$ cat final_22.csv   # CSV, N, CA and C atoms
chain,number,residue,atom,x,y,z
Y,1,MET,N,-4.7,3.3,-10.7
Y,1,MET,CA,-3.7,2.3,-10.1
Y,1,MET,C,-4.1,0.9,-10.6
Y,2,ARG,N,-5.3,0.6,-10.7
Y,2,ARG,CA,-5.7,-0.8,-11.1
Y,2,ARG,C,-5.4,-1.0,-12.5
Y,3,ARG,N,-5.6,0.0,-13.4
Y,3,ARG,CA,-5.3,-0.2,-14.8
Y,3,ARG,C,-3.9,-0.3,-15.2
Y,4,GLU,N,-3.0,0.6,-14.5
Y,4,GLU,CA,-1.6,0.6,-14.8
Y,4,GLU,C,-0.8,0.6,-13.6
Y,5,PRO,N,-0.6,-0.5,-12.9
Y,5,PRO,CA,0.1,-0.5,-11.7
Y,5,PRO,C,1.6,-0.2,-11.9
Y,6,ALA,N,2.1,-0.3,-13.1
Y,6,ALA,CA,3.5,0.0,-13.3
Y,6,ALA,C,3.7,1.5,-13.6
Y,7,ASN,N,2.7,2.3,-13.6
Y,7,ASN,CA,2.8,3.7,-13.9
Y,7,ASN,C,2.2,4.5,-12.8
Y,8,VAL,N,2.6,4.2,-11.5
Y,8,VAL,CA,2.1,4.9,-10.3
Y,8,VAL,C,3.3,5.5,-9.7
Y,9,ARG,N,3.2,6.8,-9.4
Y,9,ARG,CA,4.2,7.5,-8.7
Y,9,ARG,C,4.3,7.0,-7.2
Y,10,PHE,N,5.5,6.9,-6.7
Y,10,PHE,CA,5.7,6.4,-5.3
Y,10,PHE,C,5.0,7.4,-4.4
Y,11,ALA,N,5.1,8.7,-4.6
Y,11,ALA,CA,4.5,9.7,-3.7
Y,11,ALA,C,3.0,9.5,-3.6
Y,12,ASP,N,2.4,9.2,-4.8
Y,12,ASP,CA,0.9,8.9,-4.8
Y,12,ASP,C,0.5,7.7,-4.0
Y,13,LEU,N,1.3,6.6,-4.2
Y,13,LEU,CA,1.0,5.4,-3.5
Y,13,LEU,C,1.2,5.6,-2.0
Y,14,TYR,N,2.3,6.3,-1.6
Y,14,TYR,CA,2.6,6.6,-0.2
Y,14,TYR,C,1.4,7.3,0.4
Y,15,ARG,N,0.8,8.3,-0.3
Y,15,ARG,CA,-0.3,9.1,0.2
Y,15,ARG,C,-1.5,8.2,0.4
Y,16,VAL,N,-1.8,7.3,-0.5
Y,16,VAL,CA,-2.9,6.4,-0.4
Y,16,VAL,C,-2.7,5.5,0.8
Y,17,CYS,N,-1.5,5.0,1.0
Y,17,CYS,CA,-1.2,4.1,2.2
Y,17,CYS,C,-1.4,4.8,3.5
Y,18,VAL,N,-1.0,6.1,3.6
Y,18,VAL,CA,-1.2,6.8,4.8
Y,18,VAL,C,-2.7,7.0,5.1
Y,19,GLU,N,-3.4,7.3,4.1
Y,19,GLU,CA,-4.9,7.5,4.2
Y,19,GLU,C,-5.6,6.2,4.7
Y,20,GLN,N,-5.2,5.1,4.1
Y,20,GLN,CA,-5.8,3.8,4.4
Y,20,GLN,C,-5.3,3.1,5.7
Y,21,PHE,N,-4.0,3.2,5.9
Y,21,PHE,CA,-3.4,2.4,7.0
Y,21,PHE,C,-2.8,3.2,8.1
Y,22,GLY,N,-2.7,4.5,8.0
Y,22,GLY,CA,-2.1,5.4,9.0
Y,22,GLY,C,-0.6,5.6,8.7
Y,23,ALA,N,0.0,6.3,9.6
Y,23,ALA,CA,1.4,6.6,9.4
Y,23,ALA,C,2.3,5.4,9.3
Y,24,PRO,N,3.4,5.4,8.6
Y,24,PRO,CA,4.2,4.2,8.4
Y,24,PRO,C,5.0,3.9,9.7
Y,25,ARG,N,5.2,2.6,9.9
Y,25,ARG,CA,6.0,2.2,11.1
Y,25,ARG,C,7.5,2.5,10.8
Y,26,GLN,N,7.9,2.4,9.6
Y,26,GLN,CA,9.2,2.7,9.2
Y,26,GLN,C,9.2,3.6,8.0
Y,27,LYS,N,10.1,4.6,8.0
Y,27,LYS,CA,10.3,5.4,6.9
Y,27,LYS,C,11.7,6.0,7.0
Y,28,GLY,N,12.1,6.7,6.0
Y,28,GLY,CA,13.5,7.3,6.0
Y,28,GLY,C,14.5,6.5,5.2
Y,29,SER,N,14.2,5.2,5.0
Y,29,SER,CA,15.1,4.5,4.1
Y,29,SER,C,14.4,4.4,2.8
Y,30,SER,N,14.8,3.4,2.0
Y,30,SER,CA,14.1,3.3,0.7
Y,30,SER,C,12.7,2.6,0.8
Y,31,HIS,N,12.4,2.2,2.0
Y,31,HIS,CA,11.1,1.5,2.2
Y,31,HIS,C,10.2,2.3,3.2
Y,32,ALA,N,8.9,2.1,3.0
Y,32,ALA,CA,8.0,2.6,4.0
Y,32,ALA,C,7.1,1.4,4.3
Y,33,VAL,N,7.0,1.1,5.6
Y,33,VAL,CA,6.2,-0.1,6.1
Y,33,VAL,C,5.0,0.4,6.8
Y,34,PHE,N,3.8,-0.1,6.4
Y,34,PHE,CA,2.6,0.3,7.0
Y,34,PHE,C,1.9,-1.0,7.7
Y,35,LYS,N,1.3,-0.8,8.9
Y,35,LYS,CA,0.7,-1.8,9.6
Y,35,LYS,C,-0.8,-2.0,9.1
Y,36,THR,N,-1.2,-3.2,9.0
Y,36,THR,CA,-2.6,-3.4,8.7
Y,36,THR,C,-3.3,-4.1,9.9
Y,37,PRO,N,-4.7,-4.0,9.9
Y,37,PRO,CA,-5.4,-4.4,11.1
Y,37,PRO,C,-5.7,-5.9,11.2
Y,38,TRP,N,-5.1,-6.8,10.4
Y,38,TRP,CA,-5.4,-8.2,10.5
Y,38,TRP,C,-4.2,-9.0,10.9
Y,39,ALA,N,-4.5,-10.2,11.3
Y,39,ALA,CA,-3.4,-11.1,11.8
Y,39,ALA,C,-2.7,-11.7,10.6
Y,40,GLY,N,-1.7,-12.4,10.8
Y,40,GLY,CA,-0.9,-13.1,9.7
Y,40,GLY,C,0.3,-12.2,9.4
Y,41,ASP,N,0.3,-11.7,8.2
Y,41,ASP,CA,1.4,-10.8,7.8
Y,41,ASP,C,0.9,-9.4,7.7
Y,42,PRO,N,0.8,-8.7,8.9
Y,42,PRO,CA,0.0,-7.5,9.0
Y,42,PRO,C,0.9,-6.2,8.5
Y,43,ARG,N,1.4,-6.3,7.3
Y,43,ARG,CA,2.2,-5.1,6.9
Y,43,ARG,C,2.2,-4.9,5.4
Y,44,ILE,N,2.3,-3.7,5.0
Y,44,ILE,CA,2.4,-3.3,3.6
Y,44,ILE,C,3.8,-2.7,3.5
Y,45,ASN,N,4.6,-3.1,2.6
Y,45,ASN,CA,5.9,-2.6,2.4
Y,45,ASN,C,6.0,-2.0,1.0
Y,46,ILE,N,6.3,-0.8,0.9
Y,46,ILE,CA,6.5,-0.1,-0.4
Y,46,ILE,C,7.8,0.5,-0.5
Y,47,GLN,N,8.3,0.6,-1.8
Y,47,GLN,CA,9.6,1.3,-2.0
Y,47,GLN,C,9.6,2.0,-3.4
Y,48,ALA,N,10.4,3.0,-3.5
Y,48,ALA,CA,10.5,3.8,-4.7
Y,48,ALA,C,11.5,3.1,-5.6
Y,49,ASP,N,11.2,3.2,-6.9
Y,49,ASP,CA,12.1,2.8,-7.9
Y,49,ASP,C,12.2,3.9,-9.0
Y,50,LYS,N,13.1,4.8,-8.8
Y,50,LYS,CA,13.3,6.0,-9.7
Y,50,LYS,C,12.0,6.8,-9.8
Y,51,GLY,N,11.4,7.0,-8.6
Y,51,GLY,CA,10.3,7.9,-8.4
Y,51,GLY,C,8.9,7.2,-8.6
Y,52,LYS,N,9.0,6.0,-9.1
Y,52,LYS,CA,7.7,5.2,-9.3
Y,52,LYS,C,7.6,4.1,-8.2
Y,53,ALA,N,6.4,3.7,-8.0
Y,53,ALA,CA,6.2,2.6,-7.1
Y,53,ALA,C,6.4,1.3,-7.9
Y,54,LYS,N,6.8,0.2,-7.3
Y,54,LYS,CA,7.0,-1.1,-7.9
Y,54,LYS,C,5.6,-1.7,-8.2
Y,55,ALA,N,5.4,-2.2,-9.4
Y,55,ALA,CA,4.1,-2.6,-9.8
Y,55,ALA,C,3.5,-3.7,-8.9
Y,56,TYR,N,4.3,-4.7,-8.4
Y,56,TYR,CA,3.8,-5.7,-7.6
Y,56,TYR,C,3.4,-5.2,-6.2
Y,57,GLN,N,4.1,-4.1,-5.8
Y,57,GLN,CA,3.7,-3.5,-4.5
Y,57,GLN,C,2.4,-2.7,-4.6
Y,58,VAL,N,2.2,-2.1,-5.8
Y,58,VAL,CA,0.9,-1.4,-6.1
Y,58,VAL,C,-0.2,-2.5,-6.0
Y,59,ARG,N,0.0,-3.6,-6.6
Y,59,ARG,CA,-1.1,-4.7,-6.6
Y,59,ARG,C,-1.3,-5.2,-5.2
Y,60,GLN,N,-0.2,-5.3,-4.4
Y,60,GLN,CA,-0.4,-5.7,-3.0
Y,60,GLN,C,-1.2,-4.7,-2.2
Y,61,VAL,N,-1.0,-3.4,-2.4
Y,61,VAL,CA,-1.7,-2.3,-1.7
Y,61,VAL,C,-3.2,-2.4,-2.1
Y,62,LEU,N,-3.4,-2.6,-3.4
Y,62,LEU,CA,-4.8,-2.7,-3.9
Y,62,LEU,C,-5.5,-3.9,-3.2
Y,63,LEU,N,-4.9,-5.0,-3.1
Y,63,LEU,CA,-5.5,-6.2,-2.5
Y,63,LEU,C,-5.7,-5.9,-1.0
Y,64,ALA,N,-4.8,-5.2,-0.3
Y,64,ALA,CA,-5.0,-4.9,1.1
Y,64,ALA,C,-6.2,-3.9,1.3
Y,65,MET,N,-6.3,-3.0,0.4
Y,65,MET,CA,-7.4,-2.0,0.4
Y,65,MET,C,-8.7,-2.7,0.2
Y,66,ASP,N,-8.8,-3.7,-0.7
Y,66,ASP,CA,-10.0,-4.5,-0.9
Y,66,ASP,C,-10.3,-5.3,0.4
Y,67,LYS,N,-9.3,-5.9,1.0
Y,67,LYS,CA,-9.5,-6.7,2.2
Y,67,LYS,C,-10.1,-5.8,3.3
Y,68,LEU,N,-9.5,-4.6,3.5
Y,68,LEU,CA,-9.9,-3.6,4.5
Y,68,LEU,C,-11.3,-3.2,4.2
Y,69,GLU,N,-11.7,-2.9,3.0
Y,69,GLU,CA,-13.0,-2.5,2.7
Y,69,GLU,C,-14.0,-3.7,3.0
Y,70,GLY,N,-13.7,-4.9,2.7
Y,70,GLY,CA,-14.5,-6.1,3.1
Y,70,GLY,C,-14.7,-6.2,4.6
Y,71,MET,N,-13.7,-5.9,5.3
Y,71,MET,CA,-13.8,-6.0,6.8
Y,71,MET,C,-14.7,-4.9,7.3
Y,72,GLN,N,-14.7,-3.7,6.7
Y,72,GLN,CA,-15.5,-2.6,7.2
Y,72,GLN,C,-17.0,-2.9,6.8
Y,73,ARG,N,-17.2,-3.6,5.7
Y,73,ARG,CA,-18.6,-3.9,5.3
Y,73,ARG,C,-19.2,-4.9,6.2
Y,74,GLU,N,-18.4,-5.8,6.8
Y,74,GLU,CA,-18.8,-6.9,7.7
Y,74,GLU,C,-19.3,-6.3,9.0
Y,75,ARG,N,-18.9,-5.1,9.4
Y,75,ARG,CA,-19.2,-4.6,10.7
Y,75,ARG,C,-20.6,-4.2,10.8

$ encode --input "final_22.csv" --output "structure tokens"
Amino acid sequence: MRREPANVRFADLYRVCVEQFGAPRQKGSSHAVFKTPWAGDPRINIQADKGKAKAYQVRQVLLAMDKLEGMQRER
């Protein structure tokens, strides 16, 4: 995902988000919205584009995963 964010299947990104952030708050439309455990803008919003994930959203998920990992190391 890090090497080629434009070549990630939406289903794969969705599975990663469920594993990292839990079940989506919203699904069934073209968007899936996941809650994150920090204040501010605590959500990850992903959507499919012809079966692929949008590259900028893949990068946002990767940043959120890095932030989550940093929070877990601080504990």

$ atom_distance --input "final_22.csv" --atom1 "atom CA of Y:His31" --atom2 "atom CA of Y:Gln47"
4.5 Å

$ axis_aligned_box --input "final_22.csv" --around "stretch 47-60 of chain Y" --padding-each-side "5 Å" --output "JSON"
{"center_x": 6.0, "center_y": 1.1, "center_z": -5.8, "size_x": 24.6, "size_y": 23.6, "size_z": 18.0}

$ select_by_dssp --input "final_22.csv" --residues "chain Y" --states "strand (DSSP E)" --output "JSON, numbers by chain"
{"Y": [31, 32, 33, 34, 35, 43, 44, 45, 46, 47, 48, 49, 52, 53]}

$ residues_around --input "final_22.csv" --residues "Y:Asp12" --least-positions-apart "6" --cutoff "8 Å" --atoms "all atoms listed in the file" --output "VMD selection string"
chain Y and resid 18 51 53

$ write_last_selection --input "final_22.csv" --atoms "N, CA and C atoms" --output "PDB file, keeping the file's coordinate frame"
ATOM      1  N   VAL Y  18      -1.000   6.100   3.600  1.00  0.00           N
ATOM      2  CA  VAL Y  18      -1.200   6.800   4.800  1.00  0.00           C
ATOM      3  C   VAL Y  18      -2.700   7.000   5.100  1.00  0.00           C
ATOM      4  N   GLY Y  51      11.400   7.000  -8.600  1.00  0.00           N
ATOM      5  CA  GLY Y  51      10.300   7.900  -8.400  1.00  0.00           C
ATOM      6  C   GLY Y  51       8.900   7.200  -8.600  1.00  0.00           C
ATOM      7  N   ALA Y  53       6.400   3.700  -8.000  1.00  0.00           N
ATOM      8  CA  ALA Y  53       6.200   2.600  -7.100  1.00  0.00           C
ATOM      9  C   ALA Y  53       6.400   1.300  -7.900  1.00  0.00           C
TER      10      ALA Y  53
END

$ atom_distance --input "final_22.csv" --atom1 "atom CA of Y:Tyr14" --atom2 "atom CA of Y:Ala55"
13.4 Å

$ atom_distance --input "final_22.csv" --atom1 "atom CA of Y:Val16" --atom2 "atom N of Y:Arg43"
15.5 Å

$ build_atoms --input "final_22.csv" --residues "stretch 55-68 of chain Y" --atoms "N, CA, C and O atoms" --output "short mmCIF file (atom, residue, chain, number, x, y, z; two decimals), in the frame of the given file"
data_model
loop_
_atom_site.label_atom_id
_atom_site.label_comp_id
_atom_site.auth_asym_id
_atom_site.auth_seq_id
_atom_site.Cartn_x
_atom_site.Cartn_y
_atom_site.Cartn_z
N ALA Y 55 5.40 -2.20 -9.40
CA ALA Y 55 4.10 -2.60 -9.80
C ALA Y 55 3.50 -3.70 -8.90
O ALA Y 55 2.32 -3.69 -8.52
N TYR Y 56 4.30 -4.70 -8.40
CA TYR Y 56 3.80 -5.70 -7.60
C TYR Y 56 3.40 -5.20 -6.20
O TYR Y 56 2.46 -5.69 -5.61
N GLN Y 57 4.10 -4.10 -5.80
CA GLN Y 57 3.70 -3.50 -4.50
C GLN Y 57 2.40 -2.70 -4.60
O GLN Y 57 1.57 -2.70 -3.72
N VAL Y 58 2.20 -2.10 -5.80
CA VAL Y 58 0.90 -1.40 -6.10
C VAL Y 58 -0.20 -2.50 -6.00
O VAL Y 58 -1.27 -2.24 -5.36
N ARG Y 59 0.00 -3.60 -6.60
CA ARG Y 59 -1.10 -4.70 -6.60
C ARG Y 59 -1.30 -5.20 -5.20
O ARG Y 59 -2.43 -5.43 -4.76
N GLN Y 60 -0.20 -5.30 -4.40
CA GLN Y 60 -0.40 -5.70 -3.00
C GLN Y 60 -1.20 -4.70 -2.20
O GLN Y 60 -2.05 -5.03 -1.36
N VAL Y 61 -1.00 -3.40 -2.40
CA VAL Y 61 -1.70 -2.30 -1.70
C VAL Y 61 -3.20 -2.40 -2.10
O VAL Y 61 -4.07 -2.30 -1.28
N LEU Y 62 -3.40 -2.60 -3.40
CA LEU Y 62 -4.80 -2.70 -3.90
C LEU Y 62 -5.50 -3.90 -3.20
O LEU Y 62 -6.70 -3.78 -2.80
N LEU Y 63 -4.90 -5.00 -3.10
CA LEU Y 63 -5.50 -6.20 -2.50
C LEU Y 63 -5.70 -5.90 -1.00
O LEU Y 63 -6.79 -6.28 -0.45
N ALA Y 64 -4.80 -5.20 -0.30
CA ALA Y 64 -5.00 -4.90 1.10
C ALA Y 64 -6.20 -3.90 1.30
O ALA Y 64 -6.94 -4.04 2.21
N MET Y 65 -6.30 -3.00 0.40
CA MET Y 65 -7.40 -2.00 0.40
C MET Y 65 -8.70 -2.70 0.20
O MET Y 65 -9.71 -2.46 0.92
N ASP Y 66 -8.80 -3.70 -0.70
CA ASP Y 66 -10.00 -4.50 -0.90
C ASP Y 66 -10.30 -5.30 0.40
O ASP Y 66 -11.49 -5.37 0.75
N LYS Y 67 -9.30 -5.90 1.00
CA LYS Y 67 -9.50 -6.70 2.20
C LYS Y 67 -10.10 -5.80 3.30
O LYS Y 67 -10.99 -6.11 4.04
N LEU Y 68 -9.50 -4.60 3.50
CA LEU Y 68 -9.90 -3.60 4.50
C LEU Y 68 -11.30 -3.20 4.20
O LEU Y 68 -12.13 -3.11 5.17
#
